Amino acid sequence: QVQLVESGGGLVQPGGSLRLSCAPSRSIFDIGIIAWYRQAPGKEREFVARSFTAGNADYQDSVKGRFAISRDHGKNMVYLQMNSLKPEDTAVYLCNAFVDGLDYWGKGTLVTVSS
């Protein structure tokens, strides 16, 4: 079992920045893939970014160059730095961990991009 708790969402103006945090209940050294997904109202959940234990990461095309996923092993946290936010980034952002062949999800944190 892995519990994931997200935080850091909120209301931000277009062009602004936010940093989301994900706190896993298990050491991130043991989590091969940690990812962020998002779900906008009335839309399906979509992949945003993921981080591998090897240190590499990949991103959805629409967020490349604007978002960055990172792991802080000292604090056992995973972050999603979001810059140059757009209204279409508005969604509930969920942390995901793939461990021992199973997917675990947090409850999400709401990001609203609006003027």
# chains A, B, ... in the order shown; residues from 1 in each chain; ligands from 1
>>> select_by_dssp(residues="chain A", states="strand (DSSP E or B)", output="mmCIF file with N, CA and C atoms, in the first residue's frame")
data_model
loop_
_atom_site.group_PDB
_atom_site.id
_atom_site.type_symbol
_atom_site.label_atom_id
_atom_site.label_comp_id
_atom_site.auth_asym_id
_atom_site.auth_seq_id
_atom_site.Cartn_x
_atom_site.Cartn_y
_atom_site.Cartn_z
ATOM 1 N N LEU A 4 -0.707 8.644 -1.020
ATOM 2 C CA LEU A 4 -0.146 9.834 -1.663
ATOM 3 C C LEU A 4 -0.990 11.039 -1.277
ATOM 4 N N VAL A 5 -0.353 12.095 -0.834
ATOM 5 C CA VAL A 5 -1.075 13.301 -0.438
ATOM 6 C C VAL A 5 -0.531 14.476 -1.240
ATOM 7 N N GLU A 6 -1.410 15.099 -2.004
ATOM 8 C CA GLU A 6 -1.032 16.258 -2.812
ATOM 9 C C GLU A 6 -1.352 17.554 -2.077
ATOM 10 N N SER A 7 -0.622 18.581 -2.418
ATOM 11 C CA SER A 7 -0.887 19.916 -1.890
ATOM 12 C C SER A 7 -0.307 20.944 -2.855
ATOM 13 N N GLY A 10 -4.354 25.881 -6.118
ATOM 14 C CA GLY A 10 -4.962 27.149 -5.785
ATOM 15 C C GLY A 10 -5.364 27.908 -7.028
ATOM 16 N N LEU A 11 -5.706 29.167 -6.824
ATOM 17 C CA LEU A 11 -6.099 30.053 -7.913
ATOM 18 C C LEU A 11 -4.895 30.886 -8.335
ATOM 19 N N VAL A 12 -4.629 30.917 -9.620
ATOM 20 C CA VAL A 12 -3.496 31.692 -10.137
ATOM 21 C C VAL A 12 -3.906 32.347 -11.447
ATOM 22 N N LEU A 18 2.850 27.884 -10.065
ATOM 23 C CA LEU A 18 2.508 27.149 -8.851
ATOM 24 C C LEU A 18 3.452 25.963 -8.740
ATOM 25 N N ARG A 19 3.673 25.535 -7.521
ATOM 26 C CA ARG A 19 4.411 24.290 -7.308
ATOM 27 C C ARG A 19 3.540 23.336 -6.517
ATOM 28 N N LEU A 20 3.262 22.196 -7.108
ATOM 29 C CA LEU A 20 2.498 21.162 -6.443
ATOM 30 C C LEU A 20 3.451 20.193 -5.753
ATOM 31 N N SER A 21 2.982 19.642 -4.635
ATOM 32 C CA SER A 21 3.774 18.679 -3.879
ATOM 33 C C SER A 21 3.005 17.384 -3.734
ATOM 34 N N CYS A 22 3.740 16.302 -3.714
ATOM 35 C CA CYS A 22 3.168 14.972 -3.479
ATOM 36 C C CYS A 22 4.007 14.295 -2.408
ATOM 37 N N ALA A 23 3.352 13.875 -1.334
ATOM 38 C CA ALA A 23 4.039 13.221 -0.229
ATOM 39 C C ALA A 23 3.637 11.755 -0.188
ATOM 40 N N PRO A 24 4.525 10.855 -0.613
ATOM 41 C CA PRO A 24 4.213 9.422 -0.560
ATOM 42 C C PRO A 24 4.471 8.861 0.838
ATOM 43 N N ILE A 33 8.203 4.608 -10.714
ATOM 44 C CA ILE A 33 7.632 5.686 -11.512
ATOM 45 C C ILE A 33 6.665 6.490 -10.641
ATOM 46 N N ILE A 34 6.891 7.780 -10.585
ATOM 47 C CA ILE A 34 5.941 8.693 -9.934
ATOM 48 C C ILE A 34 5.490 9.686 -10.988
ATOM 49 N N ALA A 35 4.197 9.891 -11.051
ATOM 50 C CA ALA A 35 3.659 10.715 -12.136
ATOM 51 C C ALA A 35 2.623 11.690 -11.611
ATOM 52 N N TRP A 36 2.377 12.695 -12.428
ATOM 53 C CA TRP A 36 1.261 13.615 -12.227
ATOM 54 C C TRP A 36 0.298 13.451 -13.399
ATOM 55 N N TYR A 37 -0.976 13.374 -13.039
ATOM 56 C CA TYR A 37 -2.052 13.385 -14.013
ATOM 57 C C TYR A 37 -2.964 14.554 -13.668
ATOM 58 N N ARG A 38 -3.868 14.868 -14.557
ATOM 59 C CA ARG A 38 -4.858 15.903 -14.265
ATOM 60 C C ARG A 38 -6.191 15.543 -14.912
ATOM 61 N N GLN A 39 -7.227 16.081 -14.294
ATOM 62 C CA GLN A 39 -8.572 15.857 -14.821
ATOM 63 C C GLN A 39 -9.344 17.161 -14.750
ATOM 64 N N GLU A 46 -5.835 12.806 -17.769
ATOM 65 C CA GLU A 46 -4.750 12.765 -18.741
ATOM 66 C C GLU A 46 -3.392 12.849 -18.057
ATOM 67 N N PHE A 47 -2.430 12.229 -18.696
ATOM 68 C CA PHE A 47 -1.052 12.232 -18.217
ATOM 69 C C PHE A 47 -0.450 13.623 -18.358
ATOM 70 N N VAL A 48 0.340 14.017 -17.345
ATOM 71 C CA VAL A 48 1.024 15.307 -17.396
ATOM 72 C C VAL A 48 2.543 15.119 -17.439
ATOM 73 N N ALA A 49 3.063 14.394 -16.449
ATOM 74 C CA ALA A 49 4.516 14.224 -16.357
ATOM 75 C C ALA A 49 4.819 13.015 -15.491
ATOM 76 N N ARG A 50 6.007 12.411 -15.692
ATOM 77 C CA ARG A 50 6.416 11.310 -14.842
ATOM 78 C C ARG A 50 7.923 11.310 -14.645
ATOM 79 N N SER A 51 8.292 10.783 -13.500
ATOM 80 C CA SER A 51 9.694 10.742 -13.105
ATOM 81 C C SER A 51 10.089 9.300 -12.833
ATOM 82 N N PHE A 52 11.265 8.912 -13.329
ATOM 83 C CA PHE A 52 11.775 7.568 -13.131
ATOM 84 C C PHE A 52 12.908 7.600 -12.116
ATOM 85 N N ALA A 57 12.816 11.915 -17.052
ATOM 86 C CA ALA A 57 11.410 12.290 -16.941
ATOM 87 C C ALA A 57 10.848 12.506 -18.340
ATOM 88 N N ASP A 58 9.540 12.405 -18.442
ATOM 89 C CA ASP A 58 8.914 12.803 -19.691
ATOM 90 C C ASP A 58 7.602 13.521 -19.411
ATOM 91 N N TYR A 59 7.105 14.216 -20.452
ATOM 92 C CA TYR A 59 5.996 15.155 -20.293
ATOM 93 C C TYR A 59 5.014 15.051 -21.449
ATOM 94 N N PHE A 67 6.397 22.955 -17.483
ATOM 95 C CA PHE A 67 6.299 22.186 -16.243
ATOM 96 C C PHE A 67 7.577 21.386 -16.032
ATOM 97 N N ALA A 68 7.888 21.144 -14.764
ATOM 98 C CA ALA A 68 9.044 20.312 -14.438
ATOM 99 C C ALA A 68 8.719 19.454 -13.223
ATOM 100 N N ILE A 69 8.947 18.144 -13.363
ATOM 101 C CA ILE A 69 8.738 17.211 -12.253
ATOM 102 C C ILE A 69 10.092 16.927 -11.617
ATOM 103 N N SER A 70 10.097 16.802 -10.290
ATOM 104 C CA SER A 70 11.353 16.546 -9.607
ATOM 105 C C SER A 70 11.105 15.733 -8.345
ATOM 106 N N ARG A 71 12.154 15.065 -7.895
ATOM 107 C CA ARG A 71 12.117 14.300 -6.653
ATOM 108 C C ARG A 71 13.103 14.925 -5.668
ATOM 109 N N ASP A 72 12.670 15.048 -4.432
ATOM 110 C CA ASP A 72 13.550 15.480 -3.349
ATOM 111 C C ASP A 72 13.703 14.299 -2.403
ATOM 112 N N MET A 77 9.769 13.810 -1.151
ATOM 113 C CA MET A 77 8.679 14.528 -1.789
ATOM 114 C C MET A 77 8.883 14.523 -3.302
ATOM 115 N N VAL A 78 7.778 14.671 -3.996
ATOM 116 C CA VAL A 78 7.808 14.840 -5.449
ATOM 117 C C VAL A 78 7.096 16.146 -5.764
ATOM 118 N N TYR A 79 7.671 16.920 -6.669
ATOM 119 C CA TYR A 79 7.119 18.231 -6.987
ATOM 120 C C TYR A 79 6.769 18.334 -8.468
ATOM 121 N N LEU A 80 5.815 19.203 -8.739
ATOM 122 C CA LEU A 80 5.525 19.590 -10.108
ATOM 123 C C LEU A 80 5.550 21.116 -10.142
ATOM 124 N N GLN A 81 6.616 21.661 -10.703
ATOM 125 C CA GLN A 81 6.719 23.105 -10.874
ATOM 126 C C GLN A 81 6.020 23.480 -12.166
ATOM 127 N N MET A 82 5.045 24.367 -12.054
ATOM 128 C CA MET A 82 4.243 24.757 -13.215
ATOM 129 C C MET A 82 4.419 26.247 -13.464
ATOM 130 N N ALA A 91 -7.504 22.214 -13.660
ATOM 131 C CA ALA A 91 -7.857 20.810 -13.459
ATOM 132 C C ALA A 91 -7.555 20.416 -12.019
ATOM 133 N N VAL A 92 -8.034 19.249 -11.649
ATOM 134 C CA VAL A 92 -7.561 18.592 -10.433
ATOM 135 C C VAL A 92 -6.307 17.799 -10.814
ATOM 136 N N TYR A 93 -5.232 18.036 -10.092
ATOM 137 C CA TYR A 93 -3.965 17.370 -10.371
ATOM 138 C C TYR A 93 -3.765 16.248 -9.357
ATOM 139 N N LEU A 94 -3.474 15.071 -9.879
ATOM 140 C CA LEU A 94 -3.354 13.877 -9.034
ATOM 141 C C LEU A 94 -1.959 13.280 -9.155
ATOM 142 N N CYS A 95 -1.461 12.850 -8.010
ATOM 143 C CA CYS A 95 -0.184 12.159 -7.949
ATOM 144 C C CYS A 95 -0.427 10.659 -8.103
ATOM 145 N N ASN A 96 0.445 10.015 -8.842
ATOM 146 C CA ASN A 96 0.318 8.581 -9.113
ATOM 147 C C ASN A 96 1.655 7.898 -8.855
ATOM 148 N N ALA A 97 1.582 6.714 -8.231
ATOM 149 C CA ALA A 97 2.789 5.920 -8.017
ATOM 150 C C ALA A 97 2.559 4.513 -8.548
ATOM 151 N N PHE A 98 3.508 4.018 -9.298
ATOM 152 C CA PHE A 98 3.445 2.653 -9.829
ATOM 153 C C PHE A 98 4.444 1.813 -9.049
ATOM 154 N N VAL A 99 3.895 0.914 -8.214
ATOM 155 C CA VAL A 99 4.732 0.143 -7.306
ATOM 156 C C VAL A 99 4.310 -1.324 -7.340
ATOM 157 N N LEU A 102 1.274 -2.232 -9.298
ATOM 158 C CA LEU A 102 -0.011 -1.618 -8.962
ATOM 159 C C LEU A 102 0.086 -0.097 -9.064
ATOM 160 N N ASP A 103 -1.050 0.505 -9.407
ATOM 161 C CA ASP A 103 -1.162 1.958 -9.461
ATOM 162 C C ASP A 103 -1.804 2.460 -8.175
ATOM 163 N N TYR A 104 -1.222 3.510 -7.623
ATOM 164 C CA TYR A 104 -1.787 4.170 -6.452
ATOM 165 C C TYR A 104 -2.033 5.637 -6.803
ATOM 166 N N TRP A 105 -3.112 6.178 -6.219
ATOM 167 C CA TRP A 105 -3.510 7.550 -6.537
ATOM 168 C C TRP A 105 -3.765 8.354 -5.274
ATOM 169 N N THR A 109 -5.317 17.783 -6.031
ATOM 170 C CA THR A 109 -5.349 19.171 -5.591
ATOM 171 C C THR A 109 -5.796 20.022 -6.774
ATOM 172 N N LEU A 110 -6.690 20.967 -6.511
ATOM 173 C CA LEU A 110 -7.309 21.740 -7.581
ATOM 174 C C LEU A 110 -6.443 22.934 -7.966
ATOM 175 N N VAL A 111 -6.212 23.061 -9.254
ATOM 176 C CA VAL A 111 -5.513 24.222 -9.812
ATOM 177 C C VAL A 111 -6.484 24.957 -10.728
ATOM 178 N N THR A 112 -6.683 26.235 -10.439
ATOM 179 C CA THR A 112 -7.565 27.054 -11.263
ATOM 180 C C THR A 112 -6.762 28.215 -11.822
ATOM 181 N N VAL A 113 -6.729 28.320 -13.136
ATOM 182 C CA VAL A 113 -6.000 29.401 -13.808
ATOM 183 C C VAL A 113 -7.032 30.338 -14.419
#
>>> atom_distance(atom1="atom CA of A:Gly101", atom2="atom CA of A:Asp30")
12.5 Å
>>> select_by_dssp(residues="stretch 38-108 of chain A", states="helix (DSSP H, G or I)", output="list in words")
Asp61, Ser62, Val63, Pro87, Glu88 and Asp89 of chain A
>>> atom_distance(atom1="atom CA of A:Gln1", atom2="atom CA of A:Phe29")
15.1 Å
>>> closest_residue(among="A:Ala54, A:Ile31, A:Leu85, A:Val2", to="A:Ser115", atoms="only C-alpha atoms")
A:Leu85
>>> atom_distance(atom1="atom CA of A:Lys75", atom2="atom CA of A:Asp61")
28.8 Å
